[in-house]
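Trainee: This one is coords03.cif, mmCIF, C-alpha atoms and all ligand atoms.
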data_final
#
loop_
_atom_site.label_atom_id
_atom_site.label_comp_id
_atom_site.auth_asym_id
_atom_site.auth_seq_id
_atom_site.Cartn_x
_atom_site.Cartn_y
_atom_site.Cartn_z
CA MET A 1 0.00 0.00 0.00
CA GLU A 2 2.90 2.36 0.67
CA THR A 3 3.94 2.05 -2.97
CA GLU A 4 0.46 3.10 -4.02
CA ILE A 5 0.67 6.22 -1.87
CA PHE A 6 3.84 7.28 -3.60
CA ALA A 7 2.14 6.78 -6.95
CA ALA A 8 -0.88 8.77 -5.79
CA ALA A 9 1.35 11.56 -4.48
CA GLU A 10 2.39 12.35 -8.04
CA ILE A 11 -1.16 13.35 -8.90
CA CYS A 12 -2.30 14.79 -5.59
CA PRO A 13 0.09 16.84 -3.46
CA ILE A 14 0.01 14.66 -0.34
CA ASP A 15 3.18 14.87 1.74
CA VAL A 16 4.13 11.20 2.00
CA SER A 17 7.14 11.99 4.20
CA LYS A 18 4.56 12.64 6.95
CA LEU A 19 2.97 9.18 6.56
CA GLN A 20 1.74 7.77 9.88
CA VAL A 21 1.24 4.04 10.20
CA VAL A 22 -0.84 2.14 12.78
CA LYS A 23 -0.35 -1.56 12.04
CA THR A 24 -2.54 -4.45 13.05
CA SER A 25 -1.07 -7.85 13.82
CA ASP A 26 -1.67 -8.95 10.23
CA HIS A 27 -3.55 -12.19 10.43
CA GLY A 28 -3.56 -12.70 6.68
CA LEU A 29 -6.29 -14.22 4.60
CA LEU A 30 -8.99 -15.92 6.70
CA ILE A 31 -11.06 -17.13 3.76
CA PRO A 32 -9.79 -19.98 1.57
CA PRO A 33 -8.57 -18.43 -1.73
CA GLU A 34 -11.14 -20.31 -3.83
CA LYS A 35 -14.00 -18.80 -1.75
CA LEU A 36 -13.05 -15.17 -2.30
CA VAL A 37 -15.97 -13.07 -3.55
CA PHE A 38 -15.14 -9.90 -5.46
CA GLY A 39 -15.27 -6.84 -3.23
CA ARG A 40 -16.67 -8.54 -0.14
CA ASN A 41 -13.56 -9.19 1.95
CA PHE A 42 -10.99 -6.58 2.83
CA THR A 43 -7.47 -6.48 4.24
CA ASP A 44 -6.60 -5.27 7.74
CA HIS A 45 -5.53 -1.78 6.73
CA MET A 46 -6.85 1.31 5.02
CA LEU A 47 -5.20 4.49 3.89
CA SER A 48 -6.87 7.70 4.92
CA VAL A 49 -6.03 11.31 4.06
CA GLU A 50 -8.15 14.27 5.05
CA TRP A 51 -8.35 17.52 3.19
CA THR A 52 -9.65 20.92 4.23
CA LYS A 53 -9.93 24.06 2.18
CA GLU A 54 -7.96 25.90 4.85
CA ASP A 55 -5.03 23.52 5.31
CA GLY A 56 -5.00 21.42 2.14
CA TRP A 57 -4.02 17.76 2.43
CA HIS A 58 -3.28 16.49 5.95
CA ALA A 59 -0.69 13.81 6.74
CA PRO A 60 -1.62 10.46 5.15
CA ARG A 61 -2.33 7.66 7.60
CA ILE A 62 -2.38 3.90 7.27
CA LEU A 63 -4.82 2.68 9.89
CA PRO A 64 -6.49 -0.57 10.90
CA TYR A 65 -9.51 -1.10 8.61
CA GLN A 66 -12.38 0.58 10.43
CA ASN A 67 -15.82 2.17 10.24
CA LEU A 68 -16.13 5.83 9.37
CA SER A 69 -18.10 8.02 11.71
CA LEU A 70 -19.89 10.77 9.80
CA ASP A 71 -22.53 13.32 10.71
CA PRO A 72 -25.88 12.52 8.97
CA ALA A 73 -25.70 15.96 7.34
CA THR A 74 -22.42 15.11 5.56
CA CYS A 75 -22.76 16.23 1.94
CA VAL A 76 -21.72 12.85 0.44
CA PHE A 77 -25.00 11.32 1.73
CA HIS A 78 -27.20 13.99 0.19
CA TYR A 79 -25.64 15.17 -3.04
CA ALA A 80 -23.25 12.31 -3.87
CA PHE A 81 -19.98 14.22 -3.65
CA GLU A 82 -18.02 11.07 -4.37
CA CYS A 83 -15.67 9.64 -6.94
CA PHE A 84 -13.64 6.45 -6.99
CA GLU A 85 -11.11 4.37 -8.88
CA GLY A 86 -10.56 0.65 -9.24
CA MET A 87 -7.16 -0.94 -9.77
CA LYS A 88 -5.24 -4.07 -9.02
CA ALA A 89 -1.99 -4.59 -7.15
CA TYR A 90 -0.22 -7.91 -7.34
CA LYS A 91 2.08 -7.33 -4.34
CA VAL A 92 1.71 -4.62 -1.65
CA LYS A 93 4.30 -4.72 1.12
CA MET A 94 2.12 -4.17 4.19
CA ASP A 95 -0.82 -6.37 3.18
CA GLU A 96 1.17 -8.93 1.25
CA CYS A 97 -0.09 -11.77 3.46
CA PHE A 98 -3.58 -11.23 2.05
CA ILE A 99 -2.65 -12.03 -1.55
CA PRO A 100 -2.53 -15.74 -2.38
CA GLY A 101 0.63 -16.45 -4.32
CA GLU A 102 -0.92 -18.30 -7.24
CA ARG A 103 -1.27 -16.58 -10.58
CA GLY A 104 -4.44 -14.56 -11.04
CA TYR A 105 -4.78 -13.43 -7.40
CA SER A 106 -4.44 -9.75 -6.64
CA LEU A 107 -5.55 -6.97 -4.34
CA TYR A 108 -8.30 -4.89 -5.84
CA LEU A 109 -7.67 -1.33 -4.62
CA ARG A 110 -10.55 1.08 -4.21
CA PRO A 111 -9.44 4.69 -3.76
CA THR A 112 -12.51 6.77 -2.83
CA LEU A 113 -12.86 10.51 -2.37
CA ILE A 114 -15.86 11.87 -0.45
CA GLY A 115 -17.04 15.35 0.48
CA THR A 116 -17.29 15.53 4.29
CA GLN A 117 -18.68 19.02 4.85
CA THR A 118 -21.72 18.94 7.13
CA THR A 119 -24.26 21.28 5.63
CA LEU A 120 -27.30 20.78 3.44
CA GLY A 121 -26.47 23.77 1.27
CA ILE A 122 -25.24 22.69 -2.17
CA SER A 123 -21.77 24.11 -2.58
CA PRO A 124 -18.25 22.81 -3.17
CA PRO A 125 -17.29 20.91 0.01
CA GLU A 126 -14.68 22.66 2.14
CA SER A 127 -13.55 19.35 3.59
CA ALA A 128 -13.01 15.96 2.03
CA MET A 129 -11.55 12.57 2.77
CA LEU A 130 -9.60 10.25 0.51
CA PHE A 131 -9.43 6.64 1.60
CA VAL A 132 -8.14 3.48 -0.01
CA ILE A 133 -9.40 0.02 0.91
CA ALA A 134 -8.07 -3.23 -0.55
CA SER A 135 -9.93 -6.42 -1.35
CA PRO A 136 -8.18 -9.71 -2.15
CA VAL A 137 -9.61 -11.13 -5.39
CA GLY A 138 -9.13 -14.33 -7.29
CA PRO A 139 -8.83 -14.86 -11.05
CA TYR A 140 -11.91 -13.60 -12.90
CA TYR A 141 -12.14 -16.79 -14.93
CA PRO A 142 -10.73 -19.52 -12.64
CA THR A 143 -11.63 -22.30 -15.07
CA GLY A 144 -10.91 -20.43 -18.31
CA PHE A 145 -12.93 -17.90 -20.31
CA LYS A 146 -16.73 -17.96 -20.21
CA ALA A 147 -18.34 -16.00 -23.03
CA ILE A 148 -21.17 -13.72 -21.86
CA SER A 149 -24.48 -12.64 -23.29
CA LEU A 150 -25.42 -8.94 -23.44
CA GLU A 151 -28.78 -7.25 -23.72
CA ALA A 152 -28.78 -3.94 -25.61
CA THR A 153 -30.53 -1.20 -23.61
CA ASN A 154 -32.11 1.57 -25.64
CA TYR A 155 -34.86 2.78 -23.28
CA ALA A 156 -32.47 4.40 -20.78
CA VAL A 157 -29.34 6.55 -21.17
CA ARG A 158 -26.25 6.08 -19.00
CA ALA A 159 -24.07 8.91 -20.28
CA TRP A 160 -24.25 11.76 -22.76
CA PRO A 161 -21.86 14.26 -24.35
CA GLY A 162 -21.21 17.10 -21.94
CA GLY A 163 -22.32 15.02 -18.94
CA VAL A 164 -20.28 13.22 -16.29
CA GLY A 165 -20.91 9.62 -17.35
CA ASP A 166 -17.30 9.35 -18.49
CA LYS A 167 -16.08 9.71 -14.88
CA LYS A 168 -16.17 7.25 -11.98
CA LEU A 169 -18.63 9.31 -9.95
CA GLY A 170 -20.71 7.23 -7.53
CA ALA A 171 -23.83 9.02 -8.77
CA ASN A 172 -23.47 7.37 -12.21
CA TYR A 173 -23.81 3.81 -10.95
CA ALA A 174 -27.00 3.40 -8.88
CA PRO A 175 -29.23 4.26 -11.89
CA CYS A 176 -27.60 1.42 -13.86
CA VAL A 177 -28.91 -1.23 -11.51
CA LEU A 178 -32.42 -1.46 -13.00
CA PRO A 179 -31.46 -2.07 -16.67
CA GLN A 180 -28.80 -4.51 -15.42
CA LYS A 181 -31.37 -6.34 -13.28
CA GLU A 182 -33.81 -6.51 -16.19
CA ALA A 183 -31.13 -7.89 -18.49
CA ALA A 184 -30.27 -10.46 -15.80
CA SER A 185 -33.94 -11.47 -15.45
CA ARG A 186 -33.86 -12.48 -19.12
CA GLY A 187 -30.68 -14.49 -18.63
CA HIS A 188 -28.03 -12.00 -19.78
CA GLN A 189 -24.91 -11.26 -17.73
CA GLN A 190 -24.74 -7.55 -18.57
CA ASN A 191 -26.54 -4.85 -20.46
CA LEU A 192 -25.00 -2.96 -23.37
CA TRP A 193 -25.65 0.78 -23.38
CA LEU A 194 -26.71 2.31 -26.67
CA PHE A 195 -26.90 6.03 -27.34
CA GLY A 196 -29.26 8.14 -29.43
CA GLU A 197 -31.77 7.34 -32.14
CA GLU A 198 -28.95 5.94 -34.27
CA GLU A 199 -28.33 3.40 -31.47
CA PHE A 200 -24.60 3.93 -31.25
CA VAL A 201 -22.87 1.18 -29.28
CA THR A 202 -21.17 2.78 -26.25
CA GLU A 203 -20.12 0.36 -23.49
CA VAL A 204 -21.11 -2.42 -21.10
CA GLY A 205 -21.99 -1.70 -17.43
CA THR A 206 -18.39 -1.58 -16.19
CA MET A 207 -16.45 -2.49 -19.31
CA ASN A 208 -15.57 -0.76 -22.54
CA MET A 209 -16.67 -2.59 -25.68
CA PHE A 210 -14.63 -3.81 -28.65
CA VAL A 211 -15.81 -5.47 -31.85
CA ALA A 212 -13.71 -7.02 -34.59
CA ILE A 213 -15.26 -7.06 -38.04
CA ARG A 214 -14.35 -7.54 -41.64
CA THR A 215 -15.56 -4.53 -43.63
CA LYS A 216 -17.44 -4.93 -46.91
CA ASP A 217 -14.11 -4.44 -48.71
CA GLY A 218 -12.55 -7.27 -46.72
CA GLN A 219 -10.50 -5.07 -44.38
CA LYS A 220 -10.07 -6.41 -40.81
CA GLU A 221 -11.06 -3.71 -38.32
CA LEU A 222 -10.97 -3.58 -34.50
CA ILE A 223 -13.48 -0.96 -33.36
CA THR A 224 -14.22 0.77 -30.07
CA ALA A 225 -16.33 3.86 -29.36
CA PRO A 226 -14.51 7.23 -29.22
CA LEU A 227 -14.05 9.32 -26.04
CA ASP A 228 -16.98 11.66 -26.61
CA GLY A 229 -18.36 11.72 -23.06
CA THR A 230 -20.59 8.67 -23.51
CA ILE A 231 -18.06 6.11 -22.26
CA LEU A 232 -15.67 5.75 -19.35
CA GLU A 233 -12.06 6.41 -20.37
CA GLY A 234 -10.91 2.99 -19.25
CA ILE A 235 -7.21 2.32 -18.82
CA THR A 236 -7.76 -1.22 -20.13
CA ARG A 237 -9.37 0.23 -23.28
CA ASP A 238 -6.33 2.45 -23.69
CA SER A 239 -3.89 -0.44 -23.14
CA ILE A 240 -5.75 -2.63 -25.66
CA LEU A 241 -5.73 0.15 -28.27
CA THR A 242 -1.99 0.64 -27.76
CA LEU A 243 -1.22 -3.09 -28.01
CA ALA A 244 -3.51 -3.44 -31.02
CA ARG A 245 -1.77 -0.59 -32.86
CA GLU A 246 1.62 -2.04 -31.96
CA ARG A 247 0.92 -5.73 -32.65
CA LEU A 248 -2.28 -6.17 -34.71
CA ALA A 249 -1.80 -3.31 -37.18
CA PRO A 250 1.34 -4.98 -38.66
CA GLU A 251 -0.85 -8.07 -39.29
CA GLY A 252 -3.18 -5.97 -41.44
CA TRP A 253 -5.69 -4.81 -38.84
CA VAL A 254 -7.10 -1.29 -38.85
CA VAL A 255 -7.62 -0.08 -35.27
CA SER A 256 -10.46 2.44 -35.01
CA GLU A 257 -11.85 4.67 -32.29
CA ARG A 258 -15.05 5.61 -34.05
CA LYS A 259 -18.79 5.64 -33.66
CA TYR A 260 -20.57 2.48 -34.73
CA THR A 261 -24.19 1.44 -34.51
CA MET A 262 -26.09 -1.72 -33.66
CA THR A 263 -27.34 -1.72 -37.26
CA GLU A 264 -23.75 -1.85 -38.50
CA ILE A 265 -22.79 -4.82 -36.35
CA ASP A 266 -26.11 -6.56 -36.98
CA GLN A 267 -25.42 -6.29 -40.72
CA ALA A 268 -21.86 -7.54 -40.21
CA ALA A 269 -23.20 -10.47 -38.18
CA ARG A 270 -25.79 -11.37 -40.83
CA GLU A 271 -23.16 -11.23 -43.58
CA GLY A 272 -20.70 -13.34 -41.59
CA ARG A 273 -18.32 -10.38 -41.13
CA LEU A 274 -18.53 -10.08 -37.33
CA ILE A 275 -15.34 -11.82 -36.15
CA GLU A 276 -15.56 -11.38 -32.37
CA ALA A 277 -16.62 -9.01 -29.59
CA PHE A 278 -15.33 -8.46 -26.08
CA GLY A 279 -15.59 -6.16 -23.07
CA ALA A 280 -12.49 -4.63 -21.43
CA GLY A 281 -11.92 -3.49 -17.84
CA THR A 282 -9.55 -3.86 -14.91
CA ALA A 283 -11.45 -6.68 -13.19
CA ALA A 284 -11.60 -9.20 -16.05
CA ILE A 285 -9.05 -7.59 -18.41
CA VAL A 286 -11.14 -8.92 -21.33
CA SER A 287 -14.52 -10.64 -21.34
CA PRO A 288 -15.60 -12.47 -24.51
CA VAL A 289 -19.14 -11.86 -25.78
CA ARG A 290 -21.15 -14.66 -27.41
CA THR A 291 -24.43 -12.87 -28.18
CA ILE A 292 -26.03 -9.44 -28.10
CA TYR A 293 -29.82 -9.39 -27.76
CA TRP A 294 -31.26 -6.45 -29.63
CA ARG A 295 -34.76 -5.73 -30.94
CA GLY A 296 -35.98 -9.14 -29.87
CA LYS A 297 -33.30 -11.23 -31.52
CA GLY A 298 -29.87 -12.55 -30.67
CA LEU A 299 -26.86 -11.45 -32.70
CA ASN A 300 -24.18 -14.10 -32.85
CA CYS A 301 -20.81 -12.41 -32.22
CA GLY A 302 -18.71 -14.93 -34.13
CA LEU A 303 -17.93 -17.67 -31.60
CA ASP A 304 -18.57 -21.30 -32.46
CA GLN A 305 -20.86 -23.22 -30.10
CA ASN A 306 -17.96 -24.88 -28.26
CA GLU A 307 -15.69 -21.83 -28.31
CA GLU A 308 -15.50 -19.44 -25.33
CA ALA A 309 -13.25 -16.69 -26.70
CA GLY A 310 -12.04 -15.34 -30.01
CA GLU A 311 -8.44 -15.04 -31.12
CA ILE A 312 -7.95 -11.35 -30.33
CA THR A 313 -9.60 -11.70 -26.91
CA VAL A 314 -7.20 -14.53 -26.01
CA LYS A 315 -4.18 -12.65 -27.35
CA MET A 316 -5.06 -9.48 -25.43
CA LYS A 317 -5.41 -11.39 -22.15
CA GLU A 318 -2.07 -13.12 -22.69
CA TRP A 319 -0.29 -9.92 -23.71
CA MET A 320 -1.64 -7.94 -20.76
CA GLU A 321 -0.87 -10.64 -18.19
CA ALA A 322 2.66 -11.10 -19.50
CA ILE A 323 3.24 -7.38 -18.89
CA GLN A 324 1.48 -7.37 -15.50
CA TYR A 325 3.53 -10.30 -14.21
CA GLY A 326 6.80 -9.06 -15.64
CA ASP A 327 7.16 -12.13 -17.89
CA GLU A 328 7.84 -9.57 -20.55
CA SER A 329 9.62 -6.29 -19.86
CA HIS A 330 7.61 -3.34 -21.05
CA GLU A 331 7.65 0.42 -20.49
CA TRP A 332 4.38 0.15 -18.52
CA SER A 333 6.03 -1.77 -15.69
CA TYR A 334 9.13 -0.90 -13.74
CA ILE A 335 10.93 -2.31 -10.77
CA ILE A 336 10.55 -0.46 -7.46
CA ASP A 337 13.02 -0.73 -4.55
C1 LIG B 1 -14.28 1.28 -14.52
C2 LIG B 1 -15.13 1.27 -15.71
C3 LIG B 1 -14.68 0.78 -16.95
C4 LIG B 1 -13.32 0.13 -17.12
O1 LIG B 1 -12.28 0.99 -16.84
P1 LIG B 1 -10.81 0.43 -16.52
O2 LIG B 1 -10.03 1.68 -16.22
O3 LIG B 1 -10.32 -0.26 -17.72
O4 LIG B 1 -10.94 -0.49 -15.36
C5 LIG B 1 -15.51 0.88 -18.05
N1 LIG B 1 -16.74 1.40 -17.95
C6 LIG B 1 -17.22 1.89 -16.77
C7 LIG B 1 -18.58 2.48 -16.74
C8 LIG B 1 -16.44 1.82 -15.62
O5 LIG B 1 -16.93 2.26 -14.46
#
Represent the structure contained in this file as structure tokens.
Mentor:
Amino acid sequence: METEIFAAAEICPIDVSKLQVVKTSDHGLLIPPEKLVFGRNFTDHMLSVEWTKEDGWHAPRILPYQNLSLDPATCVFHYAFECFEGMKAYKVKMDECFIPGERGYSLYLRPTLIGTQTTLGISPPESAMLFVIASPVGPYYPTGFKAISLEATNYAVRAWPGGVGDKKLGANYAPCVLPQKEAASRGHQQNLWLFGEEEFVTEVGTMNMFVAIRTKDGQKELITAPLDGTILEGITRDSILTLARERLAPEGWVVSERKYTMTEIDQAAREGRLIEAFGAGTAAIVSPVRTIYWRGKGLNCGLDQNEEAGEITVKMKEWMEAIQYGDESHEWSYIID
């Protein structure tokens, strides 16, 4: 966790030399690794940094994991002054004993920033708190890829140009529960957000979306929606685009950040030109898609019956993991003392 603080200090002027640490007697993981449920179990420690308008950032503290005590009038409860991040650490010095050693296990880190001012007036909070909690997680696909089914949602809008749907603000997520629940009630793992009358494909609940097609002229194209405010600027999306431009483009692929519609991929599917589709996010890295239900029918995304992931999906997972584990040296990873 200390390493993470130093990384965070580069973007927010917290004085890490003033770090205070209250350690617990680390008991390590109490749950058997195979029983870990995403985001339900946490390590013994949390990082906490307070901020006030008057004094700026206070000294960061690593404390035993504990409840927060907040006045009921605290602005985060009323007007959702909250934003968060999600990332994975594979080794963190202080809480190392919580991460099973086998490949695929990590600590999911959840940095969260809340407004703590106690007034019901709507104004920029004059006090805030940044905390980081850490949850041990197992491999997303312990027994290999499982292709998912998506339901296209066109009766609700998650994000729009000029809005805040492209940021991890807590307020963006509660409204997504209903379409997600409805998709689940019809047997789909996730819903796929469309935008506008044209039904542009934007993204999945917590994953950016990629489709690989062959154009009418026979050109292989990997497509993802552009950063126009209607999608989250995922780091995994960015990594996949970079790797695709570096390693797929030389094999004849065109890599496009452009708008595309359900009609376009439906037509590609019907003409046998939809090669594969996958979601991309920190938790799963990539998640292969078998079908998209849209306008009462299922679009087959290119996988054979007995196939769980397409070629690009598999390659991306392997490439990303090789970099994450240091099997391959890459400018994205570096050795820390
Ligand atoms: C977090 C998130 C993603 C994925 O972002 P990563 O930085 O790759 O983890 C995609 N869409 C939404 C809505 C998200 O909240």
Trainee: Taking a cut-off of 10 Å and counting all atoms listed in the file, can you build a table that, for each residue of chain A near ligand LIG 1 (chain B), reports the nearest atom pair and how far apart they are in Å (one decimal), sorted by chain then residue number, as a Markdown table?
Mentor:
| residue | atom | partner | partner_atom | distance |
| --- | --- | --- | --- | --- |
| A:Phe84 | CA | B:LIG1 | C1 | 9.2 |
| A:Glu85 | CA | B:LIG1 | C1 | 7.2 |
| A:Gly86 | CA | B:LIG1 | O4 | 6.2 |
| A:Met87 | CA | B:LIG1 | O4 | 6.8 |
| A:Lys88 | CA | B:LIG1 | O4 | 9.2 |
| A:Arg158 | CA | B:LIG1 | C7 | 8.8 |
| A:Ala159 | CA | B:LIG1 | C7 | 9.2 |
| A:Gly165 | CA | B:LIG1 | C7 | 7.5 |
| A:Asp166 | CA | B:LIG1 | C7 | 7.2 |
| A:Lys167 | CA | B:LIG1 | O5 | 7.5 |
| A:Lys168 | CA | B:LIG1 | O5 | 5.6 |
| A:Leu169 | CA | B:LIG1 | O5 | 8.5 |
| A:Gly170 | CA | B:LIG1 | O5 | 9.3 |
| A:Asn172 | CA | B:LIG1 | C7 | 8.3 |
| A:Tyr173 | CA | B:LIG1 | O5 | 7.9 |
| A:Cys176 | CA | B:LIG1 | C7 | 9.5 |
| A:Trp193 | CA | B:LIG1 | C7 | 9.8 |
| A:Thr202 | CA | B:LIG1 | N1 | 9.5 |
| A:Glu203 | CA | B:LIG1 | N1 | 6.6 |
| A:Val204 | CA | B:LIG1 | N1 | 6.6 |
| A:Gly205 | CA | B:LIG1 | C7 | 5.4 |
| A:Thr206 | CA | B:LIG1 | C6 | 3.7 |
| A:Met207 | CA | B:LIG1 | C5 | 3.7 |
| A:Asn208 | CA | B:LIG1 | C5 | 4.8 |
| A:Met209 | CA | B:LIG1 | C5 | 8.5 |
| A:Thr230 | CA | B:LIG1 | C7 | 9.4 |
| A:Ile231 | CA | B:LIG1 | N1 | 6.5 |
| A:Leu232 | CA | B:LIG1 | N1 | 4.7 |
| A:Glu233 | CA | B:LIG1 | O1 | 6.5 |
| A:Gly234 | CA | B:LIG1 | O2 | 3.4 |
| A:Ile235 | CA | B:LIG1 | O2 | 3.9 |
| A:Thr236 | CA | B:LIG1 | O3 | 3.6 |
| A:Arg237 | CA | B:LIG1 | O3 | 5.7 |
| A:Asp238 | CA | B:LIG1 | O3 | 7.7 |
| A:Ser239 | CA | B:LIG1 | O3 | 8.4 |
| A:Ile240 | CA | B:LIG1 | O3 | 9.5 |
| A:Gly279 | CA | B:LIG1 | C5 | 8.6 |
| A:Ala280 | CA | B:LIG1 | O3 | 6.1 |
| A:Gly281 | CA | B:LIG1 | O3 | 3.6 |
| A:Thr282 | CA | B:LIG1 | O4 | 3.7 |
| A:Ala283 | CA | B:LIG1 | O4 | 6.6 |
| A:Ala284 | CA | B:LIG1 | O4 | 8.8 |
| A:Ile285 | CA | B:LIG1 | O3 | 7.5 |
| A:Val286 | CA | B:LIG1 | O3 | 9.4 |
Trainee: For a quick check of understanding, using only C-alpha atoms, which of A:His45, A:Lys220, A:Arg258, A:Lys315 has the smallest distance to A:Glu96?
Mentor: A:His45
Trainee: Counting all atoms listed in the file, which residue out of A:Gly187, A:Pro288, A:Pro179, A:Pro33 sits closest to A:Glu102?
Mentor: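 That would be A:Pro33, the residue with the smallest distance to A:Glu102.
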Trainee: Quick check, in Å to one decimal: how far apart do atom CA of A:Thr24 and atom CA of A:Asp55 lie?
Mentor: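 Result for atom CA of A:Thr24 versus atom CA of A:Asp55: 29.1 Å, one decimal.
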Trainee: Show which residues sit within 6 Å of stretch 105-122 of chain A, as a ChimeraX atom specification. Count all atoms listed in the file, and ignore same-chain residues fewer than 6 positions away.
Mentor: /A:73-76,81-90,99,128-139
Trainee: With all atoms listed in the file as the atoms that count, which of A:Ile336, A:Leu274, A:Leu19, A:Leu194 lies nearest to A:Val92?
Mentor: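 For A:Val92, the nearest of the candidates is A:Ile336.
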Trainee: Can you tell me, as a list of chain:residue names, what residues are no more than 9 Å from A:Ser256 when counting all atoms listed in the file, ignoring any on the same chain fewer than 2 positions away?
Mentor: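 Contacts, in chain order: A:Glu221, A:Leu222, A:Ile223, A:Thr224, A:Ala225, A:Pro226, A:Leu241, A:Val254, A:Arg258.
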Trainee: I'd like the interatomic distance between atom CA of A:Ile265 and atom CA of A:Glu321, to a tenth of an Å.
Mentor: 29.1 Å
Trainee: Which one is closest to A:Trp294: A:Glu182, A:Val164, A:Glu331, A:Leu150? Count only C-alpha atoms.
Mentor: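 Nearest candidate to A:Trp294 out of A:Glu182, A:Val164, A:Glu331, A:Leu150: A:Leu150.
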Trainee: Considering all atoms listed in the file, can you say which of A:Lys146, A:Arg214, A:Arg245, A:Lys259 comes closest to A:Phe200?
Mentor: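 Ranked by minimum distance to A:Phe200, first place goes to A:Lys259.
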Trainee: Which one is closest to A:His78: A:Cys97, A:Ala152, A:Ala59, A:Ala171? Count all atoms listed in the file.
Mentor: A:Ala171
Trainee: For a quick check of your reading of the model, name the residues lying within 12 Å of the coordinate (-3.1, 8.8, 16.1), counting all atoms listed in the file, and write them as a PyMOL selection string.
Mentor: chain A and resi 19-23+48+59-64
Trainee: What is the atom CA of A:Gln66 to atom CA of A:Thr52 distance in Å?
Mentor: 21.4 Å
Trainee: Please list as a PyMOL selection string every residue within 12 Å of A:Gly144, counting only C-alpha atoms and excluding residues in the same chain fewer than 6 positions away.
Mentor: chain A and resi 104+284+286-288+307-309+314+317
Trainee: Output C-alpha atoms for every residue in the selection just made, as a PDB file, keeping the file's coordinate frame.
Mentor:
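Saved result, out09.pdb, follows:
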ATOM      1  CA  GLY A 104      -4.440 -14.560 -11.040  1.00  0.00           C
ATOM      2  CA  ALA A 284     -11.600  -9.200 -16.050  1.00  0.00           C
ATOM      3  CA  VAL A 286     -11.140  -8.920 -21.330  1.00  0.00           C
ATOM      4  CA  SER A 287     -14.520 -10.640 -21.340  1.00  0.00           C
ATOM      5  CA  PRO A 288     -15.600 -12.470 -24.510  1.00  0.00           C
ATOM      6  CA  GLU A 307     -15.690 -21.830 -28.310  1.00  0.00           C
ATOM      7  CA  GLU A 308     -15.500 -19.440 -25.330  1.00  0.00           C
ATOM      8  CA  ALA A 309     -13.250 -16.690 -26.700  1.00  0.00           C
ATOM      9  CA  VAL A 314      -7.200 -14.530 -26.010  1.00  0.00           C
ATOM     10  CA  LYS A 317      -5.410 -11.390 -22.150  1.00  0.00           C
TER      11      LYS A 317
END
